>>> print(open('protein28.tsv').read())   # TSV, N, CA and C atoms
chain	number	residue	atom	x	y	z
A	9	MET	N	2.15	12.52	-12.78
A	9	MET	CA	2.81	12.47	-11.48
A	9	MET	C	2.40	11.22	-10.69
A	10	TYR	N	1.15	10.80	-10.86
A	10	TYR	CA	0.66	9.66	-10.10
A	10	TYR	C	1.43	8.37	-10.37
A	11	PRO	N	1.72	8.03	-11.64
A	11	PRO	CA	2.45	6.77	-11.87
A	11	PRO	C	3.83	6.74	-11.21
A	12	ALA	N	4.42	7.90	-10.99
A	12	ALA	CA	5.72	7.94	-10.31
A	12	ALA	C	5.58	7.71	-8.81
A	13	LEU	N	4.43	8.07	-8.23
A	13	LEU	CA	4.23	7.92	-6.79
A	13	LEU	C	3.61	6.58	-6.40
A	14	LEU	N	2.96	5.90	-7.32
A	14	LEU	CA	2.29	4.64	-7.00
A	14	LEU	C	3.22	3.59	-6.43
A	15	PRO	N	4.44	3.42	-6.92
A	15	PRO	CA	5.30	2.37	-6.35
A	15	PRO	C	5.72	2.61	-4.90
A	16	ILE	N	5.69	3.85	-4.44
A	16	ILE	CA	6.17	4.14	-3.08
A	16	ILE	C	5.39	3.35	-2.02
A	17	PRO	N	4.06	3.46	-1.96
A	17	PRO	CA	3.38	2.68	-0.92
A	17	PRO	C	3.49	1.18	-1.13
A	18	ILE	N	3.47	0.73	-2.37
A	18	ILE	CA	3.54	-0.71	-2.62
A	18	ILE	C	4.88	-1.26	-2.16
A	19	ILE	N	5.97	-0.59	-2.49
A	19	ILE	CA	7.30	-1.05	-2.09
A	19	ILE	C	7.45	-0.99	-0.57
A	20	CYS	N	6.96	0.07	0.04
A	20	CYS	CA	7.06	0.19	1.50
A	20	CYS	C	6.24	-0.88	2.21
A	21	PHE	N	5.07	-1.21	1.69
A	21	PHE	CA	4.24	-2.23	2.32
A	21	PHE	C	4.87	-3.61	2.17
A	22	VAL	N	5.46	-3.89	1.02
A	22	VAL	CA	6.17	-5.16	0.83
A	22	VAL	C	7.39	-5.20	1.75
A	23	GLY	N	8.09	-4.09	1.86
A	23	GLY	CA	9.24	-4.02	2.75
A	23	GLY	C	8.86	-4.23	4.21
A	24	ALA	N	7.72	-3.68	4.63
A	24	ALA	CA	7.26	-3.89	6.00
A	24	ALA	C	6.95	-5.36	6.25
A	25	LEU	N	6.40	-6.04	5.27
A	25	LEU	CA	6.13	-7.47	5.42
A	25	LEU	C	7.44	-8.25	5.56
A	26	ILE	N	8.43	-7.89	4.75
A	26	ILE	CA	9.72	-8.57	4.83
A	26	ILE	C	10.38	-8.34	6.18
A	27	THR	N	10.33	-7.11	6.68
A	27	THR	CA	10.95	-6.83	7.98
A	27	THR	C	10.15	-7.46	9.12
A	28	ASP	N	8.85	-7.66	8.94
A	28	ASP	CA	8.08	-8.41	9.94
A	28	ASP	C	8.56	-9.85	10.02
A	29	PHE	N	8.79	-10.47	8.86
A	29	PHE	CA	9.32	-11.83	8.86
A	29	PHE	C	10.72	-11.87	9.48
A	30	ALA	N	11.53	-10.86	9.21
A	30	ALA	CA	12.87	-10.80	9.80
A	30	ALA	C	12.79	-10.66	11.31
A	31	TYR	N	11.81	-9.89	11.79
A	31	TYR	CA	11.64	-9.74	13.25
A	31	TYR	C	11.22	-11.05	13.88
A	32	ILE	N	10.32	-11.77	13.23
A	32	ILE	CA	9.87	-13.06	13.77
A	32	ILE	C	11.04	-14.04	13.83
A	33	ALA	N	11.90	-14.01	12.82
A	33	ALA	CA	13.03	-14.94	12.78
A	33	ALA	C	14.10	-14.61	13.81
A	34	SER	N	14.28	-13.32	14.14
A	34	SER	CA	15.40	-12.95	15.00
A	34	SER	C	15.01	-12.31	16.33
A	35	ALA	N	13.79	-11.79	16.44
A	35	ALA	CA	13.33	-11.05	17.63
A	35	ALA	C	14.21	-9.85	17.93
A	36	GLU	N	14.85	-9.31	16.92
A	36	GLU	CA	15.69	-8.11	17.05
A	36	GLU	C	14.80	-6.88	16.86
A	37	MET	N	14.82	-5.98	17.83
A	37	MET	CA	13.94	-4.81	17.81
A	37	MET	C	14.19	-3.89	16.61
A	38	MET	N	15.38	-3.96	16.03
A	38	MET	CA	15.70	-3.15	14.86
A	38	MET	C	14.70	-3.41	13.74
A	39	TRP	N	14.30	-4.67	13.54
A	39	TRP	CA	13.37	-5.02	12.47
A	39	TRP	C	11.99	-4.45	12.74
A	40	LEU	N	11.59	-4.41	13.99
A	40	LEU	CA	10.31	-3.79	14.34
A	40	LEU	C	10.34	-2.29	14.04
A	41	ASP	N	11.46	-1.65	14.35
A	41	ASP	CA	11.61	-0.23	14.03
A	41	ASP	C	11.58	0.00	12.52
A	42	PHE	N	12.25	-0.86	11.76
A	42	PHE	CA	12.23	-0.74	10.30
A	42	PHE	C	10.80	-0.88	9.77
A	43	SER	N	10.06	-1.84	10.32
A	43	SER	CA	8.66	-2.02	9.89
A	43	SER	C	7.84	-0.77	10.15
A	44	SER	N	8.02	-0.19	11.32
A	44	SER	CA	7.25	1.02	11.66
A	44	SER	C	7.59	2.17	10.73
A	45	TRP	N	8.87	2.35	10.42
A	45	TRP	CA	9.27	3.42	9.51
A	45	TRP	C	8.78	3.18	8.09
A	46	LEU	N	8.83	1.93	7.66
A	46	LEU	CA	8.33	1.62	6.31
A	46	LEU	C	6.81	1.83	6.23
A	47	LEU	N	6.11	1.49	7.29
A	47	LEU	CA	4.67	1.74	7.32
A	47	LEU	C	4.38	3.24	7.23
A	48	LEU	N	5.13	4.03	7.99
A	48	LEU	CA	4.93	5.48	7.95
A	48	LEU	C	5.21	6.04	6.56
A	49	ALA	N	6.32	5.63	5.96
A	49	ALA	CA	6.65	6.12	4.62
A	49	ALA	C	5.61	5.68	3.60
A	50	GLY	N	5.14	4.45	3.71
A	50	GLY	CA	4.11	3.96	2.80
A	50	GLY	C	2.78	4.68	2.98
A	51	LEU	N	2.44	5.00	4.22
A	51	LEU	CA	1.19	5.72	4.45
A	51	LEU	C	1.26	7.15	3.93
A	52	ILE	N	2.39	7.81	4.11
A	52	ILE	CA	2.54	9.17	3.58
A	52	ILE	C	2.54	9.14	2.05
A	53	GLY	N	3.33	8.24	1.48
A	53	GLY	CA	3.38	8.12	0.02
A	53	GLY	C	2.03	7.71	-0.55
A	54	GLY	N	1.35	6.80	0.13
A	54	GLY	CA	0.03	6.37	-0.32
A	54	GLY	C	-1.00	7.46	-0.20
A	55	GLY	N	-0.89	8.29	0.83
A	55	GLY	CA	-1.83	9.42	0.97
A	55	GLY	C	-1.66	10.44	-0.14
A	56	VAL	N	-0.41	10.75	-0.46
A	56	VAL	CA	-0.16	11.69	-1.56
A	56	VAL	C	-0.61	11.09	-2.89
A	57	ALA	N	-0.25	9.82	-3.12
A	57	ALA	CA	-0.64	9.16	-4.36
A	57	ALA	C	-2.16	9.04	-4.45
A	58	GLY	N	-2.81	8.72	-3.33
A	58	GLY	CA	-4.27	8.61	-3.33
A	58	GLY	C	-4.94	9.94	-3.63
A	59	SER	N	-4.38	11.01	-3.12
A	59	SER	CA	-4.94	12.34	-3.43
A	59	SER	C	-4.84	12.64	-4.92
A	60	LEU	N	-3.70	12.33	-5.50
A	60	LEU	CA	-3.55	12.54	-6.94
A	60	LEU	C	-4.45	11.60	-7.74
A	61	LEU	N	-4.66	10.40	-7.23
A	61	LEU	CA	-5.56	9.47	-7.91
A	61	LEU	C	-6.99	9.98	-7.90
A	62	ILE	N	-7.41	10.60	-6.83
A	62	ILE	CA	-8.76	11.18	-6.78
A	62	ILE	C	-8.90	12.26	-7.85
A	63	VAL	N	-7.87	13.07	-8.01
A	63	VAL	CA	-7.89	14.09	-9.08
A	63	VAL	C	-7.98	13.41	-10.44
A	64	GLU	N	-7.23	12.33	-10.63
A	64	GLU	CA	-7.29	11.59	-11.89
A	64	GLU	C	-8.68	10.99	-12.12
A	65	LEU	N	-9.30	10.51	-11.06
A	65	LEU	CA	-10.65	9.96	-11.18
A	65	LEU	C	-11.65	11.02	-11.60
A	66	VAL	N	-11.50	12.22	-11.08
A	66	VAL	CA	-12.41	13.30	-11.44
A	66	VAL	C	-12.20	13.70	-12.90
A	67	ARG	N	-10.95	13.70	-13.35
A	67	ARG	CA	-10.64	14.13	-14.72
A	67	ARG	C	-10.83	13.04	-15.76
A	68	ALA	N	-10.85	11.78	-15.33
A	68	ALA	CA	-10.86	10.67	-16.29
A	68	ALA	C	-12.20	10.57	-17.03
A	69	HIS	N	-12.10	10.19	-18.28
A	69	HIS	CA	-13.31	9.95	-19.07
A	69	HIS	C	-13.88	8.58	-18.78
A	70	ASP	N	-13.01	7.61	-18.53
A	70	ASP	CA	-13.44	6.24	-18.25
A	70	ASP	C	-13.10	5.91	-16.80
A	71	ARG	N	-13.97	6.30	-15.88
A	71	ARG	CA	-13.72	6.07	-14.46
A	71	ARG	C	-13.78	4.59	-14.10
A	72	ARG	N	-14.55	3.83	-14.85
A	72	ARG	CA	-14.71	2.41	-14.53
A	72	ARG	C	-13.39	1.67	-14.60
A	73	ALA	N	-12.48	2.13	-15.44
A	73	ALA	CA	-11.18	1.47	-15.56
A	73	ALA	C	-10.33	1.70	-14.31
A	74	LEU	N	-10.50	2.82	-13.65
A	74	LEU	CA	-9.68	3.16	-12.48
A	74	LEU	C	-10.30	2.77	-11.15
A	75	LEU	N	-11.59	2.51	-11.10
A	75	LEU	CA	-12.24	2.25	-9.82
A	75	LEU	C	-11.72	1.02	-9.09
A	76	PRO	N	-11.51	-0.13	-9.75
A	76	PRO	CA	-10.95	-1.26	-8.99
A	76	PRO	C	-9.59	-0.94	-8.40
A	77	HIS	N	-8.76	-0.25	-9.16
A	77	HIS	CA	-7.44	0.15	-8.67
A	77	HIS	C	-7.59	1.05	-7.44
A	78	PHE	N	-8.47	2.02	-7.52
A	78	PHE	CA	-8.67	2.96	-6.41
A	78	PHE	C	-9.13	2.22	-5.15
A	79	PHE	N	-10.08	1.31	-5.29
A	79	PHE	CA	-10.61	0.62	-4.10
A	79	PHE	C	-9.58	-0.33	-3.49
A	80	PHE	N	-8.78	-1.00	-4.32
A	80	PHE	CA	-7.74	-1.86	-3.75
A	80	PHE	C	-6.66	-1.04	-3.07
A	81	LEU	N	-6.29	0.09	-3.65
A	81	LEU	CA	-5.29	0.94	-3.03
A	81	LEU	C	-5.82	1.54	-1.72
A	82	LEU	N	-7.07	1.94	-1.71
A	82	LEU	CA	-7.68	2.47	-0.49
A	82	LEU	C	-7.75	1.40	0.59
A	83	ALA	N	-8.12	0.18	0.21
A	83	ALA	CA	-8.21	-0.91	1.19
A	83	ALA	C	-6.83	-1.24	1.76
A	84	ALA	N	-5.81	-1.24	0.91
A	84	ALA	CA	-4.44	-1.50	1.39
A	84	ALA	C	-3.99	-0.39	2.34
A	85	TRP	N	-4.30	0.84	1.99
A	85	TRP	CA	-3.91	1.97	2.83
A	85	TRP	C	-4.61	1.90	4.19
A	86	MET	N	-5.90	1.58	4.18
A	86	MET	CA	-6.64	1.47	5.45
A	86	MET	C	-6.12	0.32	6.31
A	87	ALA	N	-5.80	-0.81	5.69
A	87	ALA	CA	-5.23	-1.93	6.44
A	87	ALA	C	-3.90	-1.54	7.06
A	88	GLU	N	-3.11	-0.76	6.35
A	88	GLU	CA	-1.82	-0.34	6.90
A	88	GLU	C	-1.96	0.73	7.98
A	89	VAL	N	-3.03	1.50	7.94
A	89	VAL	CA	-3.28	2.42	9.06
A	89	VAL	C	-3.49	1.62	10.34
A	90	PHE	N	-4.33	0.61	10.28
A	90	PHE	CA	-4.55	-0.26	11.45
A	90	PHE	C	-3.26	-0.99	11.82
A	91	ASN	N	-2.51	-1.41	10.80
A	91	ASN	CA	-1.25	-2.10	11.05
A	91	ASN	C	-0.25	-1.18	11.75
A	92	SER	N	-0.27	0.08	11.40
A	92	SER	CA	0.61	1.04	12.05
A	92	SER	C	0.28	1.17	13.54
A	93	PHE	N	-1.00	1.16	13.85
A	93	PHE	CA	-1.40	1.20	15.27
A	93	PHE	C	-0.96	-0.07	15.99
A	94	VAL	N	-1.09	-1.21	15.34
A	94	VAL	CA	-0.65	-2.47	15.95
A	94	VAL	C	0.86	-2.47	16.14
A	95	HIS	N	1.60	-1.96	15.16
A	95	HIS	CA	3.06	-1.93	15.26
A	95	HIS	C	3.56	-0.92	16.30
A	96	SER	N	2.69	-0.07	16.80
A	96	SER	CA	3.12	0.87	17.83
A	96	SER	C	3.19	0.21	19.21
A	97	ARG	N	2.71	-1.01	19.31
A	97	ARG	CA	2.86	-1.75	20.57
A	97	ARG	C	4.34	-2.06	20.79
A	98	ASP	N	4.62	-2.58	21.96
A	98	ASP	CA	6.01	-2.87	22.30
A	98	ASP	C	6.26	-4.37	22.23
A	99	GLY	N	7.33	-4.72	21.54
A	99	GLY	CA	7.80	-6.10	21.54
A	99	GLY	C	7.06	-7.04	20.61
A	100	TRP	N	7.03	-8.28	21.01
A	100	TRP	CA	6.54	-9.38	20.18
A	100	TRP	C	5.10	-9.18	19.73
A	101	THR	N	4.24	-8.62	20.57
A	101	THR	CA	2.82	-8.45	20.23
A	101	THR	C	2.60	-7.39	19.15
A	102	ALA	N	3.64	-6.63	18.84
A	102	ALA	CA	3.51	-5.64	17.77
A	102	ALA	C	3.48	-6.30	16.40
A	103	VAL	N	3.99	-7.51	16.31
A	103	VAL	CA	4.06	-8.18	15.01
A	103	VAL	C	3.24	-9.47	15.00
A	104	VAL	N	3.35	-10.26	16.03
A	104	VAL	CA	2.73	-11.58	16.04
A	104	VAL	C	1.45	-11.53	16.85
A	105	PRO	N	0.35	-12.01	16.37
A	105	PRO	CA	0.01	-12.44	15.02
A	105	PRO	C	-0.67	-11.35	14.20
A	106	THR	N	-1.22	-10.32	14.86
A	106	THR	CA	-2.05	-9.34	14.15
A	106	THR	C	-1.25	-8.50	13.17
A	107	GLY	N	-0.09	-8.03	13.57
A	107	GLY	CA	0.72	-7.19	12.69
A	107	GLY	C	1.14	-7.91	11.42
A	108	LEU	N	1.54	-9.16	11.57
A	108	LEU	CA	1.93	-9.95	10.40
A	108	LEU	C	0.74	-10.20	9.49
A	109	SER	N	-0.40	-10.52	10.08
A	109	SER	CA	-1.60	-10.77	9.27
A	109	SER	C	-2.01	-9.52	8.49
A	110	LEU	N	-1.99	-8.37	9.15
A	110	LEU	CA	-2.33	-7.13	8.46
A	110	LEU	C	-1.31	-6.78	7.39
A	111	SER	N	-0.05	-7.07	7.64
A	111	SER	CA	0.98	-6.82	6.63
A	111	SER	C	0.76	-7.69	5.40
A	112	ILE	N	0.41	-8.95	5.60
A	112	ILE	CA	0.15	-9.84	4.48
A	112	ILE	C	-1.06	-9.37	3.68
A	113	VAL	N	-2.15	-9.04	4.37
A	113	VAL	CA	-3.37	-8.59	3.70
A	113	VAL	C	-3.10	-7.30	2.91
A	114	ALA	N	-2.44	-6.34	3.54
A	114	ALA	CA	-2.19	-5.06	2.88
A	114	ALA	C	-1.23	-5.21	1.71
A	115	THR	N	-0.25	-6.09	1.83
A	115	THR	CA	0.67	-6.32	0.72
A	115	THR	C	-0.05	-6.92	-0.47
A	116	VAL	N	-0.90	-7.90	-0.22
A	116	VAL	CA	-1.67	-8.51	-1.31
A	116	VAL	C	-2.59	-7.47	-1.95
A	117	LEU	N	-3.26	-6.67	-1.13
A	117	LEU	CA	-4.14	-5.62	-1.67
A	117	LEU	C	-3.36	-4.59	-2.47
A	118	GLY	N	-2.18	-4.20	-1.99
A	118	GLY	CA	-1.35	-3.24	-2.71
A	118	GLY	C	-0.86	-3.79	-4.04
A	119	LEU	N	-0.46	-5.06	-4.04
A	119	LEU	CA	-0.03	-5.67	-5.30
A	119	LEU	C	-1.19	-5.81	-6.28
A	120	LEU	N	-2.38	-6.11	-5.76
A	120	LEU	CA	-3.57	-6.16	-6.62
A	120	LEU	C	-3.88	-4.77	-7.18
A	121	ALA	N	-3.70	-3.74	-6.37
A	121	ALA	CA	-3.93	-2.37	-6.85
A	121	ALA	C	-2.97	-2.04	-7.98
A	122	GLY	N	-1.70	-2.42	-7.83
A	122	GLY	CA	-0.74	-2.21	-8.91
A	122	GLY	C	-1.09	-2.98	-10.16
A	123	TRP	N	-1.57	-4.20	-9.98
A	123	TRP	CA	-1.96	-5.02	-11.13
A	123	TRP	C	-3.16	-4.39	-11.85
A	124	PHE	N	-4.14	-3.90	-11.08
A	124	PHE	CA	-5.30	-3.26	-11.71
A	124	PHE	C	-4.91	-1.95	-12.39
A	125	TRP	N	-3.90	-1.24	-11.87
A	125	TRP	CA	-3.42	-0.03	-12.54
A	125	TRP	C	-2.84	-0.39	-13.90
A	126	GLN	N	-2.00	-1.43	-13.93
A	126	GLN	CA	-1.43	-1.86	-15.20
A	126	GLN	C	-2.51	-2.32	-16.17
A	127	SER	N	-3.49	-3.01	-15.65
A	127	SER	CA	-4.59	-3.47	-16.49
A	127	SER	C	-5.38	-2.30	-17.07
A	128	ALA	N	-5.66	-1.31	-16.24
A	128	ALA	CA	-6.40	-0.13	-16.71
A	128	ALA	C	-5.57	0.65	-17.72
A	129	TYR	N	-4.27	0.74	-17.49
A	129	TYR	CA	-3.40	1.48	-18.40
A	129	TYR	C	-3.31	0.78	-19.76
A	130	ARG	N	-3.27	-0.53	-19.74
A	130	ARG	CA	-3.20	-1.26	-21.02
A	130	ARG	C	-4.48	-1.15	-21.81
A	131	ARG	N	-5.62	-1.10	-21.10
A	131	ARG	CA	-6.90	-0.95	-21.80
A	131	ARG	C	-7.08	0.43	-22.39
A	132	SER	N	-6.65	1.45	-21.66
A	132	SER	CA	-6.80	2.83	-22.14
A	132	SER	C	-5.57	3.64	-21.72
A	133	PRO	N	-4.54	3.69	-22.58
A	133	PRO	CA	-3.29	4.39	-22.25
A	133	PRO	C	-3.45	5.89	-22.02
A	134	GLU	N	-4.56	6.48	-22.43
A	134	GLU	CA	-4.73	7.92	-22.21
A	134	GLU	C	-4.95	8.26	-20.74
A	135	ILE	N	-5.03	7.24	-19.87
A	135	ILE	CA	-5.15	7.50	-18.43
A	135	ILE	C	-3.93	8.28	-17.96
A	136	VAL	N	-2.76	7.87	-18.43
A	136	VAL	CA	-1.53	8.57	-18.07
A	136	VAL	C	-1.24	9.57	-19.16
A	137	ARG	N	-1.34	10.82	-18.81
A	137	ARG	CA	-1.12	11.87	-19.81
A	137	ARG	C	0.25	12.45	-19.69
>>> encode(input="protein28.tsv", output="structure tokens")
Amino acid sequence: MYPALLPIPIICFVGALITDFAYIASAEMMWLDFSSWLLLAGLIGGGVAGSLLIVELVRAHDRRALLPHFFFLLAAWMAEVFNSFVHSRDGWTAVVPTGLSLSIVATVLGLLAGWFWQSAYRRSPEIVR
């Protein structure tokens, strides 16, 4: 179940970064609302996926393969929690500069988490049962 849920937070975090850039380019409040909704969906999806990942960590024989993935995903999720609070502000200060910076950091961390998942899966395919 976890591999099916992992893309949800990563896609939502990348989408929030894209809508942040769209908001900076146009100053249209719609893009700020899209960013906030994508952050919420990514946080919910990431929370569910993270819970399942903890179960996988407990059940896994080779925890060392999953630990970098877990820590990058946790770091991305925590950065997006703070980003969600920043995006709750009104207007331009919701995105520039702190919101955009947090979106970039969390997107990079989320993509690294996905990369480490693929790396762990290639080393030991029995991770996904």
>>> closest_residue(input="protein28.tsv", among="A:Asn91, A:Gln126, A:Ser96, A:Ser44", to="A:Ser111", atoms="only C-alpha atoms")
A:Asn91
>>> closest_residue(input="protein28.tsv", among="A:Met9, A:Leu117, A:Leu25, A:Arg131", to="A:Leu60", atoms="all atoms listed in the file")
A:Met9
>>> closest_residue(input="protein28.tsv", among="A:Tyr10, A:Trp100, A:Phe80, A:Trp45", to="A:Ala33", atoms="only C-alpha atoms")
A:Trp100
>>> residues_around(input="protein28.tsv", residues="stretch 69-77 of chain A", least_positions_apart="4", cutoff="7 Å", atoms="only C-alpha atoms", output="JSON, numbers by chain")
{"A": [65, 81, 121, 124, 125, 128]}
>>> write_last_selection(input="protein28.tsv", atoms="N, CA and C atoms", output="PDB file, in the coordinates of the input")
ATOM      1  N   LEU A  65      -9.300  10.510 -11.060  1.00  0.00           N
ATOM      2  CA  LEU A  65     -10.650   9.960 -11.180  1.00  0.00           C
ATOM      3  C   LEU A  65     -11.650  11.020 -11.600  1.00  0.00           C
ATOM      4  N   LEU A  81      -6.290   0.090  -3.650  1.00  0.00           N
ATOM      5  CA  LEU A  81      -5.290   0.940  -3.030  1.00  0.00           C
ATOM      6  C   LEU A  81      -5.820   1.540  -1.720  1.00  0.00           C
ATOM      7  N   ALA A 121      -3.700  -3.740  -6.370  1.00  0.00           N
ATOM      8  CA  ALA A 121      -3.930  -2.370  -6.850  1.00  0.00           C
ATOM      9  C   ALA A 121      -2.970  -2.040  -7.980  1.00  0.00           C
ATOM     10  N   PHE A 124      -4.140  -3.900 -11.080  1.00  0.00           N
ATOM     11  CA  PHE A 124      -5.300  -3.260 -11.710  1.00  0.00           C
ATOM     12  C   PHE A 124      -4.910  -1.950 -12.390  1.00  0.00           C
ATOM     13  N   TRP A 125      -3.900  -1.240 -11.870  1.00  0.00           N
ATOM     14  CA  TRP A 125      -3.420  -0.030 -12.540  1.00  0.00           C
ATOM     15  C   TRP A 125      -2.840  -0.390 -13.900  1.00  0.00           C
ATOM     16  N   ALA A 128      -5.660  -1.310 -16.240  1.00  0.00           N
ATOM     17  CA  ALA A 128      -6.400  -0.130 -16.710  1.00  0.00           C
ATOM     18  C   ALA A 128      -5.570   0.650 -17.720  1.00  0.00           C
TER      19      ALA A 128
END
>>> atom_distance(input="protein28.tsv", atom1="atom CA of A:Phe21", atom2="atom CA of A:Pro133")
26.5 Å
>>> closest_residue(input="protein28.tsv", among="A:Leu119, A:Val94, A:Ala68, A:Met38", to="A:Ile19", atoms="all atoms listed in the file")
A:Leu119
>>> residues_around(input="protein28.tsv", residues="A:Glu88", least_positions_apart="3", cutoff="8 Å", atoms="all atoms listed in the file", output="list of chain:residue names")
A:Phe21, A:Leu47, A:Leu48, A:Gly50, A:Leu51, A:Leu82, A:Ala83, A:Ala84, A:Trp85, A:Asn91, A:Ser92, A:Phe93, A:Val94, A:Leu110, A:Ser111, A:Val113, A:Ala114, A:Thr115
>>> residues_near_point(input="protein28.tsv", point="(-0.8, 5.3, -1.5)", cutoff="8 Å", atoms="only C-alpha atoms", output="JSON, numbers by chain")
{"A": [13, 14, 16, 17, 18, 50, 51, 52, 53, 54, 55, 56, 57, 58, 81, 82, 85]}
>>> closest_residue(input="protein28.tsv", among="A:Thr101, A:Ile62, A:Phe90, A:Leu108", to="A:Asp28", atoms="only N, CA and C atoms")
A:Leu108
>>> closest_residue(input="protein28.tsv", among="A:Pro15, A:Gly99, A:Ser59, A:Val66", to="A:Met37", atoms="all atoms listed in the file")
A:Gly99
>>> atom_distance(input="protein28.tsv", atom1="atom N of A:Thr27", atom2="atom C of A:Ser43")
7.6 Å
>>> atom_distance(input="protein28.tsv", atom1="atom CA of A:Ala30", atom2="atom CA of A:Leu120")
23.7 Å
